[in-house]
file data15.txt (compact mmCIF, C-alpha atoms)
# COMPACT_ATOMS: atom_id res chain seq x y z
CA MET X 1 0.00 0.00 0.00
CA ILE X 2 2.72 2.44 1.04
CA TRP X 3 4.69 1.45 -2.03
CA ILE X 4 1.77 2.33 -4.34
CA ILE X 5 1.42 5.76 -2.69
CA ARG X 6 5.15 6.35 -3.14
CA GLU X 7 4.95 5.35 -6.80
CA ILE X 8 2.04 7.73 -7.42
CA LEU X 9 3.90 10.60 -5.73
CA ALA X 10 7.01 9.79 -7.78
CA LEU X 11 4.89 9.81 -10.94
CA ILE X 12 3.59 13.28 -10.02
CA ALA X 13 7.17 14.46 -9.46
CA PHE X 14 8.37 13.07 -12.80
CA SER X 15 5.40 14.60 -14.67
CA SER X 16 6.06 18.00 -13.12
CA ALA X 17 9.70 17.60 -14.20
CA VAL X 18 8.52 17.06 -17.78
CA VAL X 19 6.25 20.13 -17.61
CA PHE X 20 8.98 22.37 -16.17
CA GLY X 21 11.55 21.08 -18.65
CA LEU X 22 9.29 21.78 -21.63
CA GLY X 23 8.44 25.22 -20.23
CA GLY X 24 12.12 26.05 -19.81
CA LEU X 25 12.83 24.92 -23.36
CA ALA X 26 9.98 27.06 -24.71
CA GLY X 27 11.28 30.06 -22.74
CA LEU X 28 14.76 29.47 -24.11
CA PHE X 29 13.46 30.04 -27.64
CA ARG X 30 10.79 32.62 -26.85
CA PHE X 31 12.72 35.53 -25.37
CA PRO X 32 15.05 37.68 -27.46
CA ASP X 33 18.08 38.45 -25.27
CA PRO X 34 20.64 36.26 -23.44
CA TYR X 35 19.61 37.22 -19.90
CA SER X 36 15.93 36.35 -20.31
CA ARG X 37 16.74 33.13 -22.12
CA LEU X 38 19.10 32.23 -19.29
CA GLN X 39 16.41 33.07 -16.72
CA ALA X 40 13.84 30.74 -18.25
CA GLY X 41 16.29 27.99 -19.17
CA SER X 42 18.22 27.81 -15.92
CA LEU X 43 15.31 28.27 -13.51
CA CYS X 44 12.95 25.78 -15.14
CA GLY X 45 15.82 23.39 -15.88
CA THR X 46 16.90 23.43 -12.24
CA THR X 47 13.35 22.77 -11.09
CA ALA X 48 12.96 19.92 -13.58
CA VAL X 49 16.14 18.16 -12.43
CA PHE X 50 15.23 18.79 -8.80
CA SER X 51 11.80 17.21 -9.34
CA ILE X 52 13.50 14.14 -10.80
CA PHE X 53 15.69 13.97 -7.67
CA ILE X 54 12.58 14.14 -5.47
CA GLY X 55 10.98 11.33 -7.49
CA ALA X 56 14.11 9.22 -7.16
CA LEU X 57 14.17 9.95 -3.42
CA LEU X 58 10.59 8.67 -3.13
CA LEU X 59 11.54 5.45 -4.93
CA ALA X 60 14.81 4.93 -2.99
CA SER X 61 15.08 1.41 -1.59
CA ASP X 62 17.06 2.11 1.60
CA THR X 63 18.52 4.93 3.69
CA ALA X 64 22.00 4.77 2.15
CA VAL X 65 20.68 5.37 -1.36
CA ALA X 66 18.39 8.15 -0.10
CA ALA X 67 21.31 9.87 1.67
CA ARG X 68 23.36 9.74 -1.53
CA ILE X 69 20.52 11.28 -3.51
CA VAL X 70 20.24 14.09 -0.95
CA ILE X 71 23.98 14.77 -1.23
CA ILE X 72 23.79 14.79 -5.03
CA ALA X 73 20.79 17.16 -4.91
CA ILE X 74 22.69 19.56 -2.63
CA PHE X 75 25.70 19.50 -4.96
CA PHE X 76 23.37 20.15 -7.87
CA LEU X 77 21.78 23.10 -6.03
CA MET X 78 25.27 24.55 -5.69
CA SER X 79 26.50 23.88 -9.23
CA ALA X 80 23.46 24.76 -11.37
CA PRO X 81 23.08 28.43 -10.34
CA THR X 82 26.85 28.86 -10.45
CA GLY X 83 26.88 27.73 -14.08
CA SER X 84 24.13 30.12 -15.14
CA HIS X 85 25.78 32.88 -13.10
CA ILE X 86 29.04 32.42 -15.01
CA VAL X 87 27.28 32.71 -18.39
CA ALA X 88 25.35 35.79 -17.19
CA ARG X 89 28.50 37.38 -15.80
CA PHE X 90 30.39 37.00 -19.07
CA THR X 91 27.41 38.45 -20.96
CA TRP X 92 27.35 41.39 -18.56
CA ASN X 93 31.08 41.98 -18.90
CA ALA X 94 30.73 41.89 -22.69
CA GLY X 95 28.42 44.93 -22.37
CA VAL X 96 25.09 43.46 -23.44
CA TYR X 97 22.18 45.71 -22.44
CA PRO X 98 19.05 43.83 -21.24
CA TRP X 99 16.00 43.61 -23.48
CA LYS X 100 12.85 45.54 -22.61
CA PRO X 101 9.44 44.52 -23.89
CA PRO X 102 8.06 47.35 -26.06
CA LYS X 103 4.73 47.86 -24.30
CA VAL X 104 6.21 48.24 -20.81
CA ARG X 105 8.75 50.81 -22.01
CA THR X 106 8.17 53.98 -19.96
CA GLY X 107 10.26 56.99 -19.08
CA SER X 108 11.39 59.87 -21.24
CA ALA X 109 13.47 59.53 -24.40
CA ARG X 110 16.25 61.51 -22.73
CA ARG X 111 16.61 59.03 -19.90
CA ARG X 112 16.58 56.11 -22.32
CA LYS X 113 19.34 57.74 -24.38
CA LYS X 114 21.36 58.40 -21.22
CA SER X 115 21.21 54.76 -20.10
CA ARG X 116 22.15 53.62 -23.60
CA ASP X 117 25.17 55.97 -23.50
CA SER X 118 26.28 54.68 -20.12
CA SER X 119 25.95 51.10 -21.30
CA GLU X 120 28.12 51.91 -24.32
CA LYS X 121 30.67 53.52 -22.04
CA ARG X 122 30.76 50.45 -19.85
CA GLY X 123 31.10 48.21 -22.90
CA GLY X 124 34.02 50.33 -24.13
CA ALA X 125 35.83 50.15 -20.82
CA GLU X 126 35.81 46.36 -20.72
CA MET W 1 51.93 32.89 15.70
CA ARG W 2 50.50 30.40 18.15
CA ALA W 3 46.90 31.42 17.42
CA ARG W 4 47.59 31.02 13.73
CA ARG W 5 48.88 27.47 14.26
CA GLU W 6 45.88 26.57 16.41
CA TRP W 7 43.56 27.91 13.74
CA SER W 8 45.36 25.80 11.11
CA ILE W 9 44.89 22.66 13.21
CA ILE W 10 41.18 23.40 13.70
CA ARG W 11 40.72 23.96 9.98
CA PHE W 12 42.64 20.76 9.18
CA LEU W 13 40.50 18.70 11.54
CA LEU W 14 37.24 20.18 10.24
CA THR W 15 38.27 19.45 6.65
CA ALA W 16 39.18 15.86 7.53
CA LEU W 17 35.88 15.43 9.37
CA ALA W 18 33.84 16.72 6.41
CA LEU W 19 35.72 14.48 3.98
CA PHE W 20 35.25 11.45 6.24
CA ALA W 21 31.51 12.14 6.61
CA VAL W 22 31.12 12.22 2.82
CA TRP W 23 33.18 9.02 2.55
CA LEU W 24 30.89 7.24 5.03
CA LEU W 25 27.82 8.46 3.16
CA PHE W 26 29.05 7.26 -0.21
CA THR W 27 30.49 3.89 0.85
CA ALA W 28 27.74 3.22 3.45
CA SER W 29 29.70 0.41 5.08
CA PHE W 30 31.39 0.08 8.47
CA GLU W 31 33.93 -2.64 7.62
CA LEU W 32 37.31 -2.20 9.24
CA PHE W 33 39.24 -1.87 5.97
CA SER W 34 36.80 0.64 4.47
CA VAL W 35 36.75 2.85 7.57
CA ALA W 36 40.55 2.72 7.99
CA PHE W 37 41.09 3.59 4.33
CA GLY W 38 38.60 6.45 4.67
CA ILE W 39 40.41 7.87 7.72
CA VAL W 40 43.84 7.68 6.04
CA GLY W 41 42.56 9.12 2.78
CA SER W 42 40.65 11.99 4.37
CA LEU W 43 43.61 12.91 6.59
CA LEU W 44 45.92 12.92 3.56
CA ILE W 45 43.59 15.03 1.40
CA ALA W 46 42.86 17.36 4.31
CA ALA W 47 46.60 17.91 4.84
CA LEU W 48 46.96 18.88 1.19
CA THR W 49 43.84 21.02 0.73
CA TYR W 50 42.65 22.47 4.05
CA ASP W 51 43.95 25.91 3.11
CA VAL W 52 41.76 25.94 0.01
CA PHE W 53 38.70 24.42 1.66
CA LEU W 54 38.64 26.84 4.60
CA ALA W 55 40.50 30.08 3.91
CA GLN W 56 42.57 31.53 6.72
CA HIS W 57 40.82 34.93 6.82
CA GLU W 58 37.48 33.31 7.75
CA ALA W 59 38.42 33.59 11.39
CA ASN W 60 35.22 32.46 13.06
CA LEU W 61 33.67 29.03 13.33
CA ARG W 62 30.17 30.44 12.70
CA PHE W 63 31.40 31.65 9.28
CA PHE W 64 31.29 28.17 7.80
CA VAL W 65 29.85 25.73 10.37
CA PRO W 66 26.09 25.83 9.81
CA ARG W 67 23.51 25.51 12.56
CA PRO W 68 21.84 22.24 11.51
CA LEU W 69 18.20 22.96 12.38
CA TYR W 70 18.20 26.33 10.66
CA LEU W 71 20.03 24.79 7.68
CA ILE W 72 17.28 22.21 7.19
CA LYS W 73 14.63 24.91 7.57
CA PHE W 74 16.45 27.05 5.01
CA LEU W 75 16.72 24.17 2.51
CA LEU W 76 13.00 23.41 2.79
CA LEU W 77 12.17 27.09 2.32
CA LEU W 78 14.50 27.18 -0.70
CA MET W 79 12.65 24.21 -2.24
CA PHE W 80 9.34 26.00 -1.76
CA PHE W 81 10.71 29.19 -3.34
CA LEU W 82 12.17 27.18 -6.23
CA TYR W 83 8.80 25.71 -7.16
CA GLN W 84 6.94 28.99 -6.59
CA SER W 85 9.23 31.00 -8.83
CA SER W 86 9.28 28.25 -11.46
CA ILE W 87 5.50 28.37 -11.70
CA VAL W 88 5.58 32.16 -12.01
CA MET W 89 8.25 31.78 -14.71
CA LEU W 90 6.12 29.23 -16.58
CA GLY W 91 3.24 31.72 -16.59
CA SER W 92 5.56 34.38 -17.92
CA VAL W 93 6.80 32.07 -20.68
CA ILE W 94 3.20 31.43 -21.74
CA THR W 95 1.92 35.01 -21.59
CA GLY W 96 5.17 36.81 -22.45
CA ASN W 97 4.73 39.37 -19.66
CA ALA W 98 8.06 40.50 -18.23
CA SER W 99 9.89 43.66 -17.26
CA PRO W 100 13.57 42.77 -17.06
CA ARG W 101 15.94 45.27 -15.51
CA ILE W 102 19.33 45.31 -13.80
CA VAL W 103 19.33 46.38 -10.14
CA HIS W 104 22.09 46.87 -7.56
CA PHE W 105 21.92 46.41 -3.83
CA ARG W 106 24.06 45.46 -0.87
CA THR W 107 23.93 42.61 1.61
CA ARG W 108 24.46 42.50 5.35
CA LEU W 109 26.01 39.02 5.38
CA ARG W 110 29.66 38.89 6.37
CA SER W 111 31.24 35.55 5.51
CA ASP W 112 32.22 34.49 1.98
CA LEU W 113 30.21 31.27 2.25
CA ALA W 114 27.01 33.03 3.31
CA ARG W 115 27.35 35.57 0.50
CA MET W 116 27.93 32.77 -2.00
CA VAL W 117 24.83 30.95 -0.75
CA LEU W 118 22.81 34.18 -0.96
CA ALA W 119 23.98 34.81 -4.55
CA ASN W 120 23.17 31.23 -5.53
CA SER W 121 19.73 31.28 -3.94
CA ILE W 122 18.98 34.64 -5.57
CA THR W 123 19.96 33.10 -8.90
CA PHE W 124 17.02 30.77 -8.78
CA THR W 125 14.42 32.27 -6.56
CA PRO W 126 12.27 35.18 -7.70
CA GLY W 127 13.30 35.17 -11.37
CA THR W 128 16.68 36.79 -10.86
CA ILE W 129 20.27 36.05 -11.87
CA THR W 130 23.28 37.35 -9.97
CA LEU W 131 25.54 39.02 -12.50
CA ASP W 132 28.28 40.14 -10.17
CA LEU W 133 29.16 39.79 -6.48
CA ASN W 134 31.79 42.29 -5.38
CA ASP W 135 32.42 42.15 -1.61
CA ASP W 136 28.94 43.02 -0.34
CA HIS W 137 27.59 44.60 -3.52
CA LEU W 138 25.36 42.48 -5.75
CA THR W 139 24.45 43.23 -9.36
CA VAL W 140 21.30 41.36 -10.26
CA HIS W 141 19.24 40.89 -13.43
CA TRP W 142 15.63 40.87 -12.28
CA PHE W 143 13.01 39.44 -14.59
CA PHE W 144 9.84 40.78 -12.93
CA CYS W 145 11.10 44.22 -11.96
CA ASN W 146 8.66 46.77 -10.56
CA THR W 147 10.99 49.29 -8.95
CA SER W 148 14.38 50.85 -9.61
CA HIS W 149 14.96 52.02 -6.03
CA ALA W 150 18.02 50.15 -4.74
CA LYS W 151 16.76 49.51 -1.20
CA ALA W 152 13.25 48.47 -2.28
CA ALA W 153 14.71 46.22 -4.98
CA GLY W 154 17.07 44.65 -2.44
CA GLU W 155 14.23 43.97 -0.02
CA ALA W 156 12.05 42.50 -2.78
CA VAL W 157 14.80 40.25 -4.17
CA LYS W 158 16.51 39.13 -0.97
CA GLY W 159 13.22 38.99 0.88
CA ARG W 160 13.23 36.63 3.83
CA MET W 161 16.18 34.75 2.32
CA GLU W 162 18.84 36.94 3.91
CA THR W 163 17.44 36.70 7.43
CA HIS W 164 17.25 32.91 7.10
CA ILE W 165 20.85 32.66 5.84
CA LYS W 166 21.94 34.99 8.62
CA ARG W 167 20.59 32.48 11.11
CA VAL W 168 22.46 29.58 9.46
CA TRP W 169 25.83 31.23 8.97
CA LEU W 170 26.95 34.62 10.25
call {"tool": "encode", "arguments": {"input": "data15.txt", "output": "structure tokens"}}
result
Amino acid sequence: MIWIIREILALIAFSSAVVFGLGGLAGLFRFPDPYSRLQAGSLCGTTAVFSIFIGALLLASDTAVAARIVIIAIFFLMSAPTGSHIVARFTWNAGVYPWKPPKVRTGSARRRKKSRDSSEKRGGAE
Amino acid sequence: MRARREWSIIRFLLTALALFAVWLLFTASFELFSVAFGIVGSLLIAALTYDVFLAQHEANLRFFVPRPLYLIKFLLLLMFFLYQSSIVMLGSVITGNASPRIVHFRTRLRSDLARMVLANSITFTPGTITLDLNDDHLTVHWFFCNTSHAKAAGEAVKGRMETHIKRVWL
């Protein structure tokens, strides 16, 4: 009985992993600039892999295996954001200015020009 | 000089202990040969790498030894935040609503480890990526930005995360 409940919960975890993975993939192709693509891809990818870890934890046969899965999950929680941070940091140092969706664009033209100038200056300094 | 040597010995022992704990977890056996090999190996590796694992300037045990109960609480909270922000991100992928912007703010955490953990947790929690961490100054790309005020942005992004990390490490 307990085993069936665990299998159902693991199935829910694996299905949510599929949903998050597909969503992250769609976001990777949907947004126009590197930062937003990285946001969608890394966040949903992390959640997908983490859901698979939770499913595996639910199906673990004994405590030793479960403890190993926990350790691997903690290492993954450290390494995944670090990887996306490194990509984002190199993009930032290369002077890429973040994308803004056209309908949310507010503020005067002067301010927009000023920020564009400062971003060019920063890009030149690197 | 004497304090420095004592601090080296403490760091060496802590490194060996951490390595041995991981060894026990991964082998999951208490045979004499396995345990003896684990002790020898962890002592050897700790002697070679303790200066990298625990830097000398982190001169307080609370800088890198977590308080276990608060650590577990923080990990559970992090899991909750991970799922919450992923669902928000899925909605944003479907509708295409976003207002990305780069914000700057500072943190009150003091140790390198706590700042690293804060930067990493910010990278996946409320749709943000840490672009740069320079001492206590964070540069963050925020996907659902609604303010450009540094303090308000800091409060919104760090949220309860910083207080929880402050309880785990210093």
call {"tool": "interface_residues", "arguments": {"input": "data15.txt", "of": "chain X", "to": "chain W", "cutoff": "9 Å", "atoms": "all atoms listed in the file", "output": "mmCIF file with C-alpha atoms, in the coordinates of the input"}}
result
data_model
loop_
_atom_site.group_PDB
_atom_site.id
_atom_site.type_symbol
_atom_site.label_atom_id
_atom_site.label_comp_id
_atom_site.auth_asym_id
_atom_site.auth_seq_id
_atom_site.Cartn_x
_atom_site.Cartn_y
_atom_site.Cartn_z
ATOM 1 C CA PHE X 20 8.980 22.370 -16.170
ATOM 2 C CA GLY X 23 8.440 25.220 -20.230
ATOM 3 C CA GLY X 24 12.120 26.050 -19.810
ATOM 4 C CA ALA X 26 9.980 27.060 -24.710
ATOM 5 C CA GLY X 27 11.280 30.060 -22.740
ATOM 6 C CA ARG X 30 10.790 32.620 -26.850
ATOM 7 C CA PHE X 31 12.720 35.530 -25.370
ATOM 8 C CA TYR X 35 19.610 37.220 -19.900
ATOM 9 C CA SER X 36 15.930 36.350 -20.310
ATOM 10 C CA LEU X 38 19.100 32.230 -19.290
ATOM 11 C CA GLN X 39 16.410 33.070 -16.720
ATOM 12 C CA ALA X 40 13.840 30.740 -18.250
ATOM 13 C CA SER X 42 18.220 27.810 -15.920
ATOM 14 C CA LEU X 43 15.310 28.270 -13.510
ATOM 15 C CA CYS X 44 12.950 25.780 -15.140
ATOM 16 C CA THR X 46 16.900 23.430 -12.240
ATOM 17 C CA THR X 47 13.350 22.770 -11.090
ATOM 18 C CA PHE X 50 15.230 18.790 -8.800
ATOM 19 C CA ALA X 64 22.000 4.770 2.150
ATOM 20 C CA VAL X 65 20.680 5.370 -1.360
ATOM 21 C CA ALA X 67 21.310 9.870 1.670
ATOM 22 C CA ARG X 68 23.360 9.740 -1.530
ATOM 23 C CA ILE X 71 23.980 14.770 -1.230
ATOM 24 C CA LEU X 77 21.780 23.100 -6.030
ATOM 25 C CA MET X 78 25.270 24.550 -5.690
ATOM 26 C CA SER X 79 26.500 23.880 -9.230
ATOM 27 C CA ALA X 80 23.460 24.760 -11.370
ATOM 28 C CA PRO X 81 23.080 28.430 -10.340
ATOM 29 C CA THR X 82 26.850 28.860 -10.450
ATOM 30 C CA SER X 84 24.130 30.120 -15.140
ATOM 31 C CA HIS X 85 25.780 32.880 -13.100
ATOM 32 C CA ILE X 86 29.040 32.420 -15.010
ATOM 33 C CA VAL X 87 27.280 32.710 -18.390
ATOM 34 C CA ALA X 88 25.350 35.790 -17.190
ATOM 35 C CA ARG X 89 28.500 37.380 -15.800
ATOM 36 C CA PHE X 90 30.390 37.000 -19.070
ATOM 37 C CA THR X 91 27.410 38.450 -20.960
ATOM 38 C CA TRP X 92 27.350 41.390 -18.560
ATOM 39 C CA ASN X 93 31.080 41.980 -18.900
ATOM 40 C CA PRO X 98 19.050 43.830 -21.240
ATOM 41 C CA TRP X 99 16.000 43.610 -23.480
ATOM 42 C CA LYS X 100 12.850 45.540 -22.610
ATOM 43 C CA PRO X 101 9.440 44.520 -23.890
ATOM 44 C CA VAL X 104 6.210 48.240 -20.810
ATOM 45 C CA ARG X 105 8.750 50.810 -22.010
#
call {"tool": "atom_distance", "arguments": {"input": "data15.txt", "atom1": "atom CA of W:Ala36", "atom2": "atom CA of W:Phe12"}}
result
18.2 Å
call {"tool": "atom_distance", "arguments": {"input": "data15.txt", "atom1": "atom CA of X:Asp33", "atom2": "atom CA of W:His137"}}
result
24.5 Å
call {"tool": "residues_near_point", "arguments": {"input": "data15.txt", "point": "(21.8, 27.0, 15.6)", "cutoff": "9 Å", "atoms": "only C-alpha atoms", "output": "list of chain:residue names"}}
result
W:Pro66, W:Arg67, W:Pro68, W:Leu69, W:Tyr70, W:Leu71, W:Arg167, W:Val168, W:Trp169
call {"tool": "write_last_selection", "arguments": {"input": "data15.txt", "atoms": "C-alpha atoms", "output": "compact mmCIF listing (two decimals), keeping the file's coordinate frame"}}
result
# COMPACT_ATOMS: atom_id res chain seq x y z
CA PRO W 66 26.09 25.83 9.81
CA ARG W 67 23.51 25.51 12.56
CA PRO W 68 21.84 22.24 11.51
CA LEU W 69 18.20 22.96 12.38
CA TYR W 70 18.20 26.33 10.66
CA LEU W 71 20.03 24.79 7.68
CA ARG W 167 20.59 32.48 11.11
CA VAL W 168 22.46 29.58 9.46
CA TRP W 169 25.83 31.23 8.97
call {"tool": "closest_residue", "arguments": {"input": "data15.txt", "among": "X:Ile52, X:Ala66, X:Leu57, X:Gly41", "to": "X:Gly83", "atoms": "only C-alpha atoms"}}
result
X:Gly41
call {"tool": "residues_near_point", "arguments": {"input": "data15.txt", "point": "(20.9, 42.8, -4.1)", "cutoff": "9 Å", "atoms": "all atoms listed in the file", "output": "list in words"}}
result
Val103, His104, Phe105, Arg106, Thr107, Ala119, Ile122, Thr130, Asp136, His137, Leu138, Thr139, Val140, Ala150, Lys151, Ala153, Gly154, Glu155, Ala156, Val157 and Lys158 of chain W
call {"tool": "atom_distance", "arguments": {"input": "data15.txt", "atom1": "atom CA of W:Phe74", "atom2": "atom CA of W:Ile165"}}
result
7.2 Å
call {"tool": "residues_around", "arguments": {"input": "data15.txt", "residues": "W:Gly41", "least_positions_apart": "6", "cutoff": "9 Å", "atoms": "only C-alpha atoms", "output": "compact mmCIF listing (two decimals) with C-alpha atoms, in the coordinates of the input"}}
result
# COMPACT_ATOMS: atom_id res chain seq x y z
CA ALA W 16 39.18 15.86 7.53
CA LEU W 19 35.72 14.48 3.98
CA PHE W 20 35.25 11.45 6.24
